[in-house]
Amino acid sequence: KAGVTQTPRYLIKTRGQQVTLSCSPISGHRSVSWYQQTPGQGLQFLFEYFSETQRNKGNFPGRFSGRQFSNSRSEMNVSTLELGDSALYLCASSRGQYSGNTIYFGEGSWLTVV
Amino acid sequence: AQTVTQSQPEMSVQEAETVTLSCTYDTSESDYYLFWYKQPPSRQMILVIRQEAYKQQNATENRFSVNFQKAAKSFSLKISDSQLGDAAMYFCAYRSANSGGSNYKLTFGKGTLLTVNP
């Protein structure tokens, strides 16, 4: 059974550009969530989707957005990139019907903003 | 809002020895889940063990066990017979059991970097 797949794994962008990261959840999982990991702030929750609906959003500016498609795949977008957006972005999936479902993580997308 | 605190930024252990990683949390809820995740150099978060707050029995998974003290809001991880492959960053995490609103997320501690010495 394939795990959570994130693409691209590594990317370098210039300040002011935008970026789109993709996440394919484990088959049968309908919940996808995103986390940002930096050395200074640690792991911070970005947002969570279930059946194409955003159920929760973390404390990030509006430049950070996401969506989920009917096949449960998800994308997150960051516009007008800033140097501080350099981070590991982790996607996670779960069955999602209730909060006790185990959450599985992908290997992450490394974003460097120069 | 819930908070998770890991007071040990780094720990080290000799191979085959036992080590305990500490975690405390703050919440006003009575029903929740606690997790320990391992993040090796590959950076993929791997679930080590989970504990349901309504269960008094401490969870165990092979060499990994927890000491869950609900009243003290403490959730420590014990690794027995440490192996070189256990070297990683370990994160303690909290998730509300209430399925709704702002509860579809994990709240993480800052992590503890575990080194295993041969």
# chains A, B, ... in the order shown; residues from 1 in each chain; ligands from 1
$ residues_around --residues "Gln54 in chain A" --least-positions-apart "4" --cutoff "9 Å" --atoms "only C-alpha atoms" --output "ChimeraX atom specification"
/A:47-50,66-68
$ write_last_selection --atoms "all heavy atoms" --output "compact mmCIF listing (two decimals), in the first residue's frame"
# COMPACT_ATOMS: atom_id res chain seq x y z
N PHE A 47 -3.33 23.79 7.57
CA PHE A 47 -4.78 23.57 7.35
C PHE A 47 -5.06 22.11 7.15
O PHE A 47 -4.15 21.30 6.95
CB PHE A 47 -5.34 24.38 6.17
CG PHE A 47 -4.36 24.75 5.10
CD1 PHE A 47 -3.73 23.79 4.33
CD2 PHE A 47 -4.07 26.08 4.86
CE1 PHE A 47 -2.82 24.14 3.35
CE2 PHE A 47 -3.18 26.45 3.88
CZ PHE A 47 -2.55 25.48 3.12
N GLU A 48 -6.36 21.80 7.23
CA GLU A 48 -6.81 20.42 7.08
C GLU A 48 -8.06 20.38 6.21
O GLU A 48 -8.93 21.25 6.32
CB GLU A 48 -7.11 19.79 8.44
CG GLU A 48 -7.41 18.28 8.41
CD GLU A 48 -8.88 17.93 8.35
OE1 GLU A 48 -9.73 18.85 8.42
OE2 GLU A 48 -9.19 16.73 8.24
N TYR A 49 -8.12 19.40 5.32
CA TYR A 49 -9.24 19.23 4.42
C TYR A 49 -9.84 17.84 4.58
O TYR A 49 -9.12 16.87 4.82
CB TYR A 49 -8.81 19.42 2.97
CG TYR A 49 -8.46 20.85 2.64
CD1 TYR A 49 -7.17 21.33 2.85
CD2 TYR A 49 -9.42 21.72 2.14
CE1 TYR A 49 -6.84 22.64 2.57
CE2 TYR A 49 -9.10 23.03 1.85
CZ TYR A 49 -7.81 23.49 2.06
OH TYR A 49 -7.50 24.80 1.79
N PHE A 50 -11.14 17.78 4.41
CA PHE A 50 -11.84 16.51 4.43
C PHE A 50 -12.94 16.59 3.38
O PHE A 50 -13.79 17.49 3.43
CB PHE A 50 -12.45 16.23 5.80
CG PHE A 50 -13.21 14.94 5.88
CD1 PHE A 50 -12.56 13.72 5.98
CD2 PHE A 50 -14.60 14.94 5.86
CE1 PHE A 50 -13.26 12.53 6.05
CE2 PHE A 50 -15.31 13.75 5.93
CZ PHE A 50 -14.64 12.55 6.03
N GLY A 66 -4.89 26.47 0.30
CA GLY A 66 -4.88 25.08 -0.11
C GLY A 66 -6.21 24.69 -0.71
O GLY A 66 -7.17 25.47 -0.72
N ARG A 67 -6.23 23.48 -1.21
CA ARG A 67 -7.48 22.93 -1.70
C ARG A 67 -7.35 21.42 -1.77
O ARG A 67 -6.24 20.87 -1.76
CB ARG A 67 -7.84 23.50 -3.07
CG ARG A 67 -6.82 23.26 -4.17
CD ARG A 67 -7.32 23.83 -5.49
NE ARG A 67 -6.34 23.71 -6.56
CZ ARG A 67 -6.61 23.93 -7.83
NH1 ARG A 67 -7.83 24.31 -8.19
NH2 ARG A 67 -5.67 23.80 -8.76
N GLN A 68 -8.51 20.79 -1.87
CA GLN A 68 -8.52 19.34 -1.99
C GLN A 68 -9.46 18.98 -3.13
O GLN A 68 -10.54 19.57 -3.29
CB GLN A 68 -8.99 18.68 -0.70
CG GLN A 68 -8.89 17.15 -0.73
CD GLN A 68 -9.38 16.50 0.56
OE1 GLN A 68 -10.29 17.00 1.21
NE2 GLN A 68 -8.77 15.38 0.92
$ residues_around --residues "Pro41 in chain B" --least-positions-apart "2" --cutoff "7 Å" --atoms "only C-alpha atoms" --output "list in words"
Gln39, Arg43 and Ala88 of chain B
$ write_last_selection --atoms "C-alpha atoms" --output "compact mmCIF listing (two decimals), in the first residue's frame"
# COMPACT_ATOMS: atom_id res chain seq x y z
CA GLN B 39 11.62 11.83 12.66
CA ARG B 43 12.47 13.73 7.78
CA ALA B 88 16.21 10.47 15.58
$ interface_residues --of "chain B" --to "chain A" --cutoff "10 Å" --atoms "only C-alpha atoms" --output "PyMOL selection string"
chain B and resi 32-33+35+39+42-47+50+52+91+95-111
$ residues_around --residues "Val113 in chain A" --least-positions-apart "4" --cutoff "7 Å" --atoms "only C-alpha atoms" --output "ChimeraX atom specification"
/A:12-15,82-83,85-86
$ write_last_selection --atoms "C-alpha atoms" --output "PDB file, in the first residue's frame"
ATOM      1  CA  ILE A  12      14.190  26.652  -4.834  1.00  0.00           C
ATOM      2  CA  LYS A  13      12.164  29.788  -5.470  1.00  0.00           C
ATOM      3  CA  THR A  14      12.911  33.482  -5.579  1.00  0.00           C
ATOM      4  CA  ARG A  15      11.361  35.976  -3.196  1.00  0.00           C
ATOM      5  CA  GLU A  82       9.233  35.548   1.611  1.00  0.00           C
ATOM      6  CA  LEU A  83      12.594  34.337   2.895  1.00  0.00           C
ATOM      7  CA  ASP A  85       8.748  30.718   4.083  1.00  0.00           C
ATOM      8  CA  SER A  86      11.800  28.515   3.639  1.00  0.00           C
TER       9      SER A  86
END
$ select_by_dssp --residues "range 38-106 of chain B" --states "strand (DSSP E or B)" --output "PyMOL selection string"
chain B and resi 38-39+46-52+60-61+64-69+74-79+88-96
$ write_last_selection --atoms "C-alpha atoms" --output "CSV table (one decimal), in the first residue's frame"
chain,number,residue,atom,x,y,z
B,38,LYS,CA,9.9,9.7,15.3
B,39,GLN,CA,11.6,11.8,12.7
B,46,ILE,CA,6.8,7.9,11.8
B,47,LEU,CA,4.2,7.1,14.4
B,48,VAL,CA,5.9,5.3,17.4
B,49,ILE,CA,3.0,5.0,19.8
B,50,ARG,CA,-0.3,6.5,20.7
B,51,GLN,CA,-2.4,6.7,23.9
B,52,GLU,CA,-6.1,7.4,24.3
B,60,THR,CA,3.3,-0.4,24.6
B,61,GLU,CA,4.7,-1.2,21.2
B,64,PHE,CA,8.5,1.4,23.3
B,65,SER,CA,6.2,2.2,26.2
B,66,VAL,CA,4.7,5.2,27.7
B,67,ASN,CA,4.1,6.5,31.2
B,68,PHE,CA,0.8,8.4,31.0
B,69,GLN,CA,-0.1,10.4,34.0
B,74,SER,CA,2.6,14.0,31.7
B,75,PHE,CA,3.3,11.6,28.8
B,76,SER,CA,6.8,10.1,28.8
B,77,LEU,CA,8.3,7.7,26.3
B,78,LYS,CA,10.6,4.9,27.4
B,79,ILE,CA,12.8,3.1,24.9
B,88,ALA,CA,16.2,10.5,15.6
B,89,MET,CA,14.2,13.5,16.6
B,90,TYR,CA,11.2,12.5,18.7
B,91,PHE,CA,8.1,14.6,18.9
B,92,CYS,CA,5.3,14.4,21.4
B,93,ALA,CA,1.9,15.5,20.0
B,94,TYR,CA,-1.6,16.1,21.2
B,95,ARG,CA,-4.9,15.8,19.4
B,96,SER,CA,-8.4,16.5,20.7
$ residues_around --residues "Ser82 in chain B" --least-positions-apart "2" --cutoff "10 Å" --atoms "only C-alpha atoms" --output "ChimeraX atom specification"
/B:13-19,63-64,78-80,84-87,115-118
$ write_last_selection --atoms "N, CA and C atoms" --output "compact mmCIF listing (two decimals), in the first residue's frame"
# COMPACT_ATOMS: atom_id res chain seq x y z
N VAL B 13 21.98 8.03 24.73
CA VAL B 13 21.87 6.74 25.42
C VAL B 13 22.87 5.78 24.81
N GLN B 14 23.35 4.86 25.58
CA GLN B 14 24.23 3.81 25.07
C GLN B 14 23.37 2.71 24.45
N GLU B 15 23.89 2.16 23.40
CA GLU B 15 23.22 1.04 22.75
C GLU B 15 22.89 -0.03 23.80
N ALA B 16 21.68 -0.58 23.70
CA ALA B 16 21.17 -1.63 24.59
C ALA B 16 20.67 -1.10 25.93
N GLU B 17 20.88 0.17 26.21
CA GLU B 17 20.39 0.76 27.45
C GLU B 17 18.97 1.29 27.26
N THR B 18 18.42 1.81 28.36
CA THR B 18 17.06 2.36 28.36
C THR B 18 17.10 3.87 28.53
N VAL B 19 16.23 4.55 27.82
CA VAL B 19 16.16 6.01 27.91
C VAL B 19 14.70 6.43 27.99
N ARG B 63 9.56 -2.42 21.99
CA ARG B 63 10.53 -1.82 22.93
C ARG B 63 10.11 -0.44 23.43
N PHE B 64 9.00 0.06 22.93
CA PHE B 64 8.54 1.41 23.26
C PHE B 64 7.33 1.33 24.19
N LYS B 78 9.42 5.66 27.00
CA LYS B 78 10.56 4.85 27.40
C LYS B 78 10.96 3.94 26.25
N ILE B 79 12.24 4.00 25.90
CA ILE B 79 12.77 3.14 24.86
C ILE B 79 13.72 2.15 25.54
N SER B 80 13.40 0.89 25.46
CA SER B 80 14.23 -0.16 26.07
C SER B 80 15.14 -0.77 25.02
N LEU B 84 20.82 1.47 17.40
CA LEU B 84 21.37 2.58 16.61
C LEU B 84 20.28 3.21 15.74
N GLY B 85 19.37 2.39 15.26
CA GLY B 85 18.30 2.90 14.40
C GLY B 85 17.27 3.73 15.14
N ASP B 86 17.36 3.79 16.46
CA ASP B 86 16.43 4.63 17.22
C ASP B 86 16.86 6.10 17.22
N ALA B 87 18.07 6.36 16.78
CA ALA B 87 18.56 7.74 16.74
C ALA B 87 17.69 8.57 15.81
N THR B 115 20.38 10.69 20.56
CA THR B 115 21.61 10.10 20.01
C THR B 115 21.83 8.76 20.68
N VAL B 116 22.15 7.74 19.88
CA VAL B 116 22.45 6.41 20.42
C VAL B 116 23.92 6.13 20.18
N ASN B 117 24.66 5.93 21.25
CA ASN B 117 26.09 5.69 21.16
C ASN B 117 26.40 4.20 21.14
N PRO B 118 27.25 3.78 20.20
CA PRO B 118 27.58 2.34 20.11
C PRO B 118 28.49 1.90 21.24
$ residues_around --residues "Ala1 in chain B" --least-positions-apart "3" --cutoff "9 Å" --atoms "only C-alpha atoms" --output "list in words"
Asp26, Thr27 and Ser28 of chain B
$ write_last_selection --atoms "all heavy atoms" --output "PDB file, in the first residue's frame"
ATOM      1  N   ASP B  26      -0.686  20.807  28.202  1.00  0.00           N
ATOM      2  CA  ASP B  26      -1.683  21.582  28.922  1.00  0.00           C
ATOM      3  C   ASP B  26      -2.972  21.580  28.102  1.00  0.00           C
ATOM      4  O   ASP B  26      -2.950  21.908  26.910  1.00  0.00           O
ATOM      5  CB  ASP B  26      -1.204  23.021  29.129  1.00  0.00           C
ATOM      6  CG  ASP B  26      -2.145  23.807  30.027  1.00  0.00           C
ATOM      7  OD1 ASP B  26      -2.780  23.187  30.901  1.00  0.00           O
ATOM      8  OD2 ASP B  26      -2.245  25.029  29.853  1.00  0.00           O
ATOM      9  N   THR B  27      -4.060  21.221  28.726  1.00  0.00           N
ATOM     10  CA  THR B  27      -5.361  21.199  28.063  1.00  0.00           C
ATOM     11  C   THR B  27      -6.461  21.270  29.103  1.00  0.00           C
ATOM     12  O   THR B  27      -6.264  20.850  30.246  1.00  0.00           O
ATOM     13  CB  THR B  27      -5.521  19.921  27.210  1.00  0.00           C
ATOM     14  OG1 THR B  27      -6.767  19.970  26.524  1.00  0.00           O
ATOM     15  CG2 THR B  27      -5.478  18.674  28.084  1.00  0.00           C
ATOM     16  N   SER B  28      -7.596  21.778  28.686  1.00  0.00           N
ATOM     17  CA  SER B  28      -8.767  21.794  29.552  1.00  0.00           C
ATOM     18  C   SER B  28      -9.737  20.676  29.167  1.00  0.00           C
ATOM     19  O   SER B  28     -10.770  20.507  29.809  1.00  0.00           O
ATOM     20  CB  SER B  28      -9.471  23.149  29.450  1.00  0.00           C
ATOM     21  OG  SER B  28      -9.859  23.394  28.114  1.00  0.00           O
TER      22      SER B  28
END
$ select_by_dssp --residues "chain B" --states "helix (DSSP H, G or I)" --output "JSON, numbers by chain"
{"B": [84, 85, 86, 101, 102, 103]}
$ write_last_selection --atoms "C-alpha atoms" --output "CSV table (one decimal), in the first residue's frame"
chain,number,residue,atom,x,y,z
B,84,LEU,CA,21.4,2.6,16.6
B,85,GLY,CA,18.3,2.9,14.4
B,86,ASP,CA,16.4,4.6,17.2
B,101,GLY,CA,-14.2,22.9,14.8
B,102,SER,CA,-10.5,23.5,15.5
B,103,ASN,CA,-9.7,19.9,16.5
$ atom_distance --atom1 "CA of Val4 in chain B" --atom2 "CA of Pro61 in chain A"
23.2 Å
$ closest_residue --among "A:Ser22, A:Gln37, A:Gln17, A:Thr5" --to "Met76 in chain A" --atoms "only C-alpha atoms"
A:Ser22
$ residues_around --residues "Ser24 in chain A" --least-positions-apart "6" --cutoff "9 Å" --atoms "only C-alpha atoms" --output "PyMOL selection string"
chain A and resi 3-7+32+71-75+91+93+106
$ write_last_selection --atoms "C-alpha atoms" --output "short mmCIF file (atom, residue, chain, number, x, y, z; two decimals), in the first residue's frame"
data_model
loop_
_atom_site.label_atom_id
_atom_site.label_comp_id
_atom_site.auth_asym_id
_atom_site.auth_seq_id
_atom_site.Cartn_x
_atom_site.Cartn_y
_atom_site.Cartn_z
CA GLY A 3 2.17 5.91 1.54
CA VAL A 4 1.59 9.64 1.45
CA THR A 5 3.34 11.05 -1.60
CA GLN A 6 4.53 14.63 -1.84
CA THR A 7 5.88 16.42 -4.88
CA VAL A 32 -5.34 15.71 4.29
CA ASN A 71 -9.91 12.19 -5.45
CA SER A 72 -8.61 13.48 -2.07
CA ARG A 73 -5.37 14.77 -3.54
CA SER A 74 -4.43 18.13 -2.10
CA GLU A 75 -2.38 21.13 -3.08
CA CYS A 91 1.54 16.58 4.30
CA SER A 93 -3.44 11.90 5.67
CA GLY A 106 4.73 12.02 3.79
#
$ residues_around --residues "Ala71 in chain B" --least-positions-apart "6" --cutoff "12 Å" --atoms "only C-alpha atoms" --output "short mmCIF file (atom, residue, chain, number, x, y, z; two decimals) with N, CA, C and O atoms, in the first residue's frame"
data_model
loop_
_atom_site.label_atom_id
_atom_site.label_comp_id
_atom_site.auth_asym_id
_atom_site.auth_seq_id
_atom_site.Cartn_x
_atom_site.Cartn_y
_atom_site.Cartn_z
N THR B 24 5.21 17.07 28.63
CA THR B 24 4.05 17.54 29.40
C THR B 24 3.16 18.33 28.47
O THR B 24 3.60 18.85 27.44
N TYR B 25 1.90 18.42 28.82
CA TYR B 25 0.95 19.12 27.96
C TYR B 25 -0.05 19.87 28.82
O TYR B 25 -0.18 19.59 30.02
N ASP B 26 -0.69 20.81 28.20
CA ASP B 26 -1.68 21.58 28.92
C ASP B 26 -2.97 21.58 28.10
O ASP B 26 -2.95 21.91 26.91
N THR B 27 -4.06 21.22 28.73
CA THR B 27 -5.36 21.20 28.06
C THR B 27 -6.46 21.27 29.10
O THR B 27 -6.26 20.85 30.25
N SER B 28 -7.60 21.78 28.69
CA SER B 28 -8.77 21.79 29.55
C SER B 28 -9.74 20.68 29.17
O SER B 28 -10.77 20.51 29.81
N GLU B 29 -9.38 19.92 28.16
CA GLU B 29 -10.25 18.84 27.69
C GLU B 29 -9.99 17.57 28.51
O GLU B 29 -8.92 17.39 29.09
N SER B 30 -10.98 16.71 28.49
CA SER B 30 -10.85 15.45 29.23
C SER B 30 -10.62 14.26 28.30
O SER B 30 -10.16 13.21 28.73
N ALA B 53 -6.63 9.06 26.01
CA ALA B 53 -6.68 9.61 27.37
C ALA B 53 -7.66 8.86 28.27
O ALA B 53 -7.49 8.81 29.49
N TYR B 54 -8.70 8.27 27.67
CA TYR B 54 -9.69 7.59 28.50
C TYR B 54 -9.21 6.21 28.95
O TYR B 54 -9.84 5.57 29.79
N GLN B 56 -6.69 3.98 31.01
CA GLN B 56 -5.73 4.11 32.10
C GLN B 56 -4.47 3.30 31.84
O GLN B 56 -3.39 3.64 32.32
#
